[in-house]
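Visitor: Data file input15.cif (mmCIF, C-alpha atoms) is appended below.
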```cif
data_input
loop_
_atom_site.label_atom_id
_atom_site.label_comp_id
_atom_site.auth_asym_id
_atom_site.auth_seq_id
_atom_site.Cartn_x
_atom_site.Cartn_y
_atom_site.Cartn_z
CA ALA A 1 38.34 31.30 -12.14
CA TYR A 2 36.36 30.09 -15.13
CA ASN A 3 34.11 32.67 -16.77
CA VAL A 4 31.60 30.93 -19.05
CA GLU A 5 29.13 32.77 -21.25
CA ALA A 6 25.66 31.78 -20.14
CA ASP A 7 24.53 31.61 -23.78
CA ARG A 8 26.88 28.65 -24.22
CA LEU A 9 25.35 26.89 -21.23
CA PHE A 10 21.66 27.80 -21.34
CA ASP A 11 18.92 28.79 -23.75
CA PHE A 12 17.42 32.25 -23.39
CA ASP A 13 15.61 32.73 -20.07
CA ARG A 14 16.18 29.07 -19.12
CA SER A 15 18.22 27.28 -16.44
CA ASP A 16 18.37 23.82 -18.06
CA ILE A 17 21.93 23.15 -19.16
CA LYS A 18 22.26 22.62 -22.91
CA PRO A 19 23.57 19.17 -23.88
CA ALA A 20 26.25 20.89 -25.97
CA ALA A 21 27.66 22.45 -22.78
CA ALA A 22 28.69 19.08 -21.34
CA ALA A 23 32.14 19.04 -22.95
CA GLU A 24 33.04 22.45 -21.56
CA LEU A 25 31.72 21.62 -18.11
CA GLN A 26 33.62 18.33 -18.15
CA ARG A 27 36.81 20.22 -19.02
CA ILE A 28 36.21 22.61 -16.12
CA ALA A 29 35.47 19.76 -13.69
CA ALA A 30 38.67 17.96 -14.73
CA SER A 31 40.66 21.15 -14.28
CA LEU A 32 39.13 21.76 -10.85
CA LYS A 33 39.99 18.21 -9.78
CA SER A 34 43.58 18.41 -11.00
CA GLU A 35 44.49 22.01 -10.18
CA VAL A 36 42.56 22.81 -6.99
CA PRO A 37 43.23 21.20 -3.60
CA GLY A 38 40.59 18.57 -2.81
CA ASP A 39 39.33 20.45 0.24
CA ALA A 40 39.08 23.90 -1.38
CA PRO A 41 35.59 25.37 -1.61
CA ILE A 42 34.23 26.05 -5.09
CA GLN A 43 31.98 29.02 -5.72
CA VAL A 44 29.54 29.13 -8.65
CA ASP A 45 28.15 32.61 -9.37
CA GLY A 46 25.29 33.23 -11.79
CA HIS A 47 24.82 36.59 -13.52
CA THR A 48 22.23 37.98 -15.94
CA ASP A 49 21.92 41.02 -18.15
CA ALA A 50 19.54 43.86 -17.23
CA LYS A 51 16.66 42.77 -19.49
CA GLY A 52 13.59 41.94 -17.48
CA ASP A 53 12.76 42.81 -13.91
CA HIS A 54 15.11 42.42 -10.97
CA PRO A 55 13.20 39.59 -9.21
CA SER A 56 13.12 37.50 -12.40
CA ASN A 57 16.81 38.12 -13.12
CA GLN A 58 17.76 37.29 -9.53
CA ARG A 59 15.76 34.05 -9.63
CA LEU A 60 17.23 33.04 -13.01
CA SER A 61 20.81 33.71 -11.87
CA GLU A 62 20.25 31.58 -8.76
CA GLN A 63 18.67 28.75 -10.77
CA ARG A 64 21.55 28.76 -13.25
CA ALA A 65 24.18 28.71 -10.51
CA ARG A 66 22.38 25.81 -8.81
CA ALA A 67 22.12 23.94 -12.13
CA ILE A 68 25.90 24.18 -12.58
CA VAL A 69 26.49 23.03 -9.00
CA GLU A 70 24.19 20.06 -9.59
CA TRP A 71 26.00 19.20 -12.84
CA LEU A 72 29.46 19.45 -11.23
CA ALA A 73 28.33 17.23 -8.35
CA THR A 74 26.50 14.57 -10.33
CA LYS A 75 28.35 14.48 -13.65
CA GLY A 76 31.62 16.25 -12.89
CA GLY A 77 32.59 14.20 -9.85
CA ILE A 78 33.05 17.19 -7.52
CA ASP A 79 32.08 16.68 -3.88
CA ARG A 80 28.79 18.53 -3.36
CA GLY A 81 29.95 19.72 0.06
CA ARG A 82 32.61 21.86 -1.63
CA LEU A 83 30.14 23.61 -3.96
CA LYS A 84 28.22 26.80 -3.25
CA ALA A 85 25.84 28.56 -5.65
CA THR A 86 25.10 32.30 -5.56
CA GLY A 87 23.01 34.35 -7.95
CA TYR A 88 23.62 38.04 -8.49
CA GLY A 89 21.02 38.82 -11.14
CA GLU A 90 22.06 41.95 -13.06
CA THR A 91 23.84 43.59 -10.08
CA LYS A 92 27.44 42.93 -11.17
CA PRO A 93 27.73 43.76 -14.88
CA VAL A 94 31.08 43.49 -16.64
CA ALA A 95 29.87 45.52 -19.64
CA ALA A 96 27.26 48.16 -20.35
CA ASN A 97 23.77 46.83 -21.07
CA THR A 98 23.03 49.99 -23.03
CA THR A 99 25.09 52.42 -25.10
CA ALA A 100 25.89 55.99 -24.06
CA THR A 101 22.78 57.10 -25.95
CA GLY A 102 20.57 54.63 -24.06
CA ALA A 103 20.20 52.20 -26.97
CA ASP A 104 20.33 48.46 -26.36
CA ASN A 105 23.83 46.97 -26.33
CA PRO A 106 23.45 43.28 -27.27
CA GLU A 107 27.21 42.63 -27.09
CA GLY A 108 27.42 44.08 -23.60
CA ARG A 109 24.36 42.19 -22.43
CA ALA A 110 25.86 38.95 -23.76
CA LYS A 111 29.01 39.52 -21.67
CA ASN A 112 26.90 40.08 -18.57
CA ARG A 113 25.05 36.77 -18.98
CA ARG A 114 27.67 34.50 -17.46
CA VAL A 115 28.55 31.91 -14.86
CA VAL A 116 31.79 32.29 -12.93
CA ILE A 117 33.27 29.21 -11.26
CA SER A 118 36.09 29.89 -8.81
CA ALA A 119 37.96 28.09 -6.06
CA ARG A 120 40.02 29.34 -3.19
CA PRO A 121 42.45 27.34 -1.09
CA SER A 122 41.13 26.51 2.35
#
```
Kindly present the structure from the file in structure tokens form.

Guide:
Amino acid sequence: AYNVEADRLFDFDRSDIKPAAAAELQRIAASLKSEVPGDAPIQVDGHTDAKGDHPSNQRLSEQRARAIVEWLATKGGIDRGRLKATGYGETKPVAANTTATGADNPEGRAKNRRVVISARPS
């Protein structure tokens, strides 16, 4: 699986892929093509931090996952039929969004804003 910090791919609260992200996405696409069987499904999962309301975070995570699927299909050369996008909003954090005292945890929130690209043999 490839775990990519969303801040490297997108501007804050946006789902347009940054031009600077192209090199990393190209590397991932090349790796998927060389290391994953050609018929294996590829899952793209979008995640957000807990800032904002749940509906907005859910929508943003879905839009970001779809943007990566679109990029992999059109610029990465991956068959669109193999790609599936899912957004999880803030429901699957990998770090605390706040500290034990309830204060904001910017480092934790940054870890939670991510896109995970994975493949499984069919």

Visitor: Taking all atoms listed in the file into account, name the residue in A:Thr74, A:Ser31, A:Asn97, A:Asn3 that is nearest to Gly52 in chain A.

Guide: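 Answer, going by the shortest atom-to-atom distance: A:Asn97.
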
Visitor: Take the PyMOL selection byres ((chain A and resi 91) around 9), run it mentally on this structure, and tell me the resulting residues as a list of chain:residue names.

Guide: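 For this structure, the PyMOL selection byres ((chain A and resi 91) around 9) captures A:His47, A:Thr48, A:Asp49, A:Ala50, A:His54, A:Gln58, A:Tyr88, A:Gly89, A:Glu90, A:Lys92, A:Pro93.
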
Visitor: Residue by residue, what does the PyMOL selection byres ((chain A and resi 108) around 8) grab here? Present the result as a PyMOL selection string.

Guide: chain A and resi 94-98+105-107+109-112

Visitor: Just the residues within 12 Å of Gln26 in chain A, please, counting all atoms listed in the file, with nothing from its chain fewer than 5 positions along; format it as a VMD selection string.

Guide: chain A and resid 19 to 21 31 to 33 68 71 to 78

Visitor: Rounded to one decimal, what separation in Å do you get between CA of Glu35 in chain A and CA of Asp79 in chain A?

Guide: 14.9 Å

Visitor: Can you find the residues with an atom no farther than 12 Å from (37.7, 25.1, -21.5), counting all atoms listed in the file, and report them as a PyMOL selection string?

Guide: chain A and resi 1-5+8+21-32+117

Visitor: If the PyMOL selection byres ((chain A and resi 82) around 9) were run on this exact file, what residues would it hold? Put them as number ranges by chain.

Guide: A: 38-43, 78-81, 83-84

Visitor: Considering all atoms listed in the file, can you say which of A:Leu60, A:Val116, A:Ala85, A:Ala100 comes closest to Phe10 in chain A?

Guide: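 Answer, going by the shortest atom-to-atom distance: A:Leu60.
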
Visitor: I'd like the interatomic distance between CA of Ala103 in chain A and CA of Asn57 in chain A, to a tenth of an Å.

Guide: 20.0 Å

Visitor: Can you pull out the residues contacting Arg14 in chain A? Cut-off 12 Å, using all atoms listed in the file, and skip same-chain residues under 4 positions away; I want them as a ChimeraX atom specification.

Guide: /A:6-10,18,48,56-57,59-65,67,113

Visitor: Of the residues A:Asp11, A:Val44, A:Pro37, A:Asp16, which is the one nearest to Val115 in chain A, using all atoms listed in the file?

Guide: A:Val44

Visitor: Between A:Arg120, A:Val69, A:Asp104, A:Gly87, single out the one closest to Pro55 in chain A, counting all atoms listed in the file.

Guide: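 Counting all atoms listed in the file, the residue closest to Pro55 in chain A is A:Gly87.
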
Visitor: Any chance you could model N, CA and C atoms for range 50-63 of chain A and send them as a compact mmCIF listing (two decimals), keeping the file's coordinate frame?

Guide:
```
# COMPACT_ATOMS: atom_id res chain seq x y z
N ALA A 50 20.55 43.03 -17.88
CA ALA A 50 19.54 43.86 -17.23
C ALA A 50 18.18 43.80 -17.90
N LYS A 51 17.99 42.94 -18.89
CA LYS A 51 16.66 42.77 -19.49
C LYS A 51 15.75 42.11 -18.47
N GLY A 52 14.52 42.52 -18.43
CA GLY A 52 13.59 41.94 -17.48
C GLY A 52 13.66 42.63 -16.14
N ASP A 53 12.80 42.18 -15.22
CA ASP A 53 12.76 42.81 -13.91
C ASP A 53 13.76 42.16 -12.96
N HIS A 54 14.10 42.90 -11.92
CA HIS A 54 15.11 42.42 -10.97
C HIS A 54 14.74 41.08 -10.34
N PRO A 55 13.51 40.89 -9.83
CA PRO A 55 13.20 39.59 -9.21
C PRO A 55 13.38 38.41 -10.17
N SER A 56 12.97 38.58 -11.42
CA SER A 56 13.12 37.50 -12.40
C SER A 56 14.59 37.23 -12.69
N ASN A 57 15.38 38.29 -12.85
CA ASN A 57 16.81 38.12 -13.12
C ASN A 57 17.52 37.46 -11.93
N GLN A 58 17.15 37.88 -10.73
CA GLN A 58 17.76 37.29 -9.53
C GLN A 58 17.45 35.79 -9.47
N ARG A 59 16.18 35.45 -9.67
CA ARG A 59 15.76 34.05 -9.63
C ARG A 59 16.49 33.24 -10.70
N LEU A 60 16.56 33.77 -11.92
CA LEU A 60 17.23 33.04 -13.01
C LEU A 60 18.71 32.84 -12.70
N SER A 61 19.38 33.85 -12.17
CA SER A 61 20.81 33.71 -11.87
C SER A 61 21.03 32.65 -10.79
N GLU A 62 20.15 32.60 -9.81
CA GLU A 62 20.25 31.58 -8.76
C GLU A 62 20.00 30.19 -9.33
N GLN A 63 18.98 30.05 -10.17
CA GLN A 63 18.67 28.75 -10.77
C GLN A 63 19.82 28.26 -11.63
```
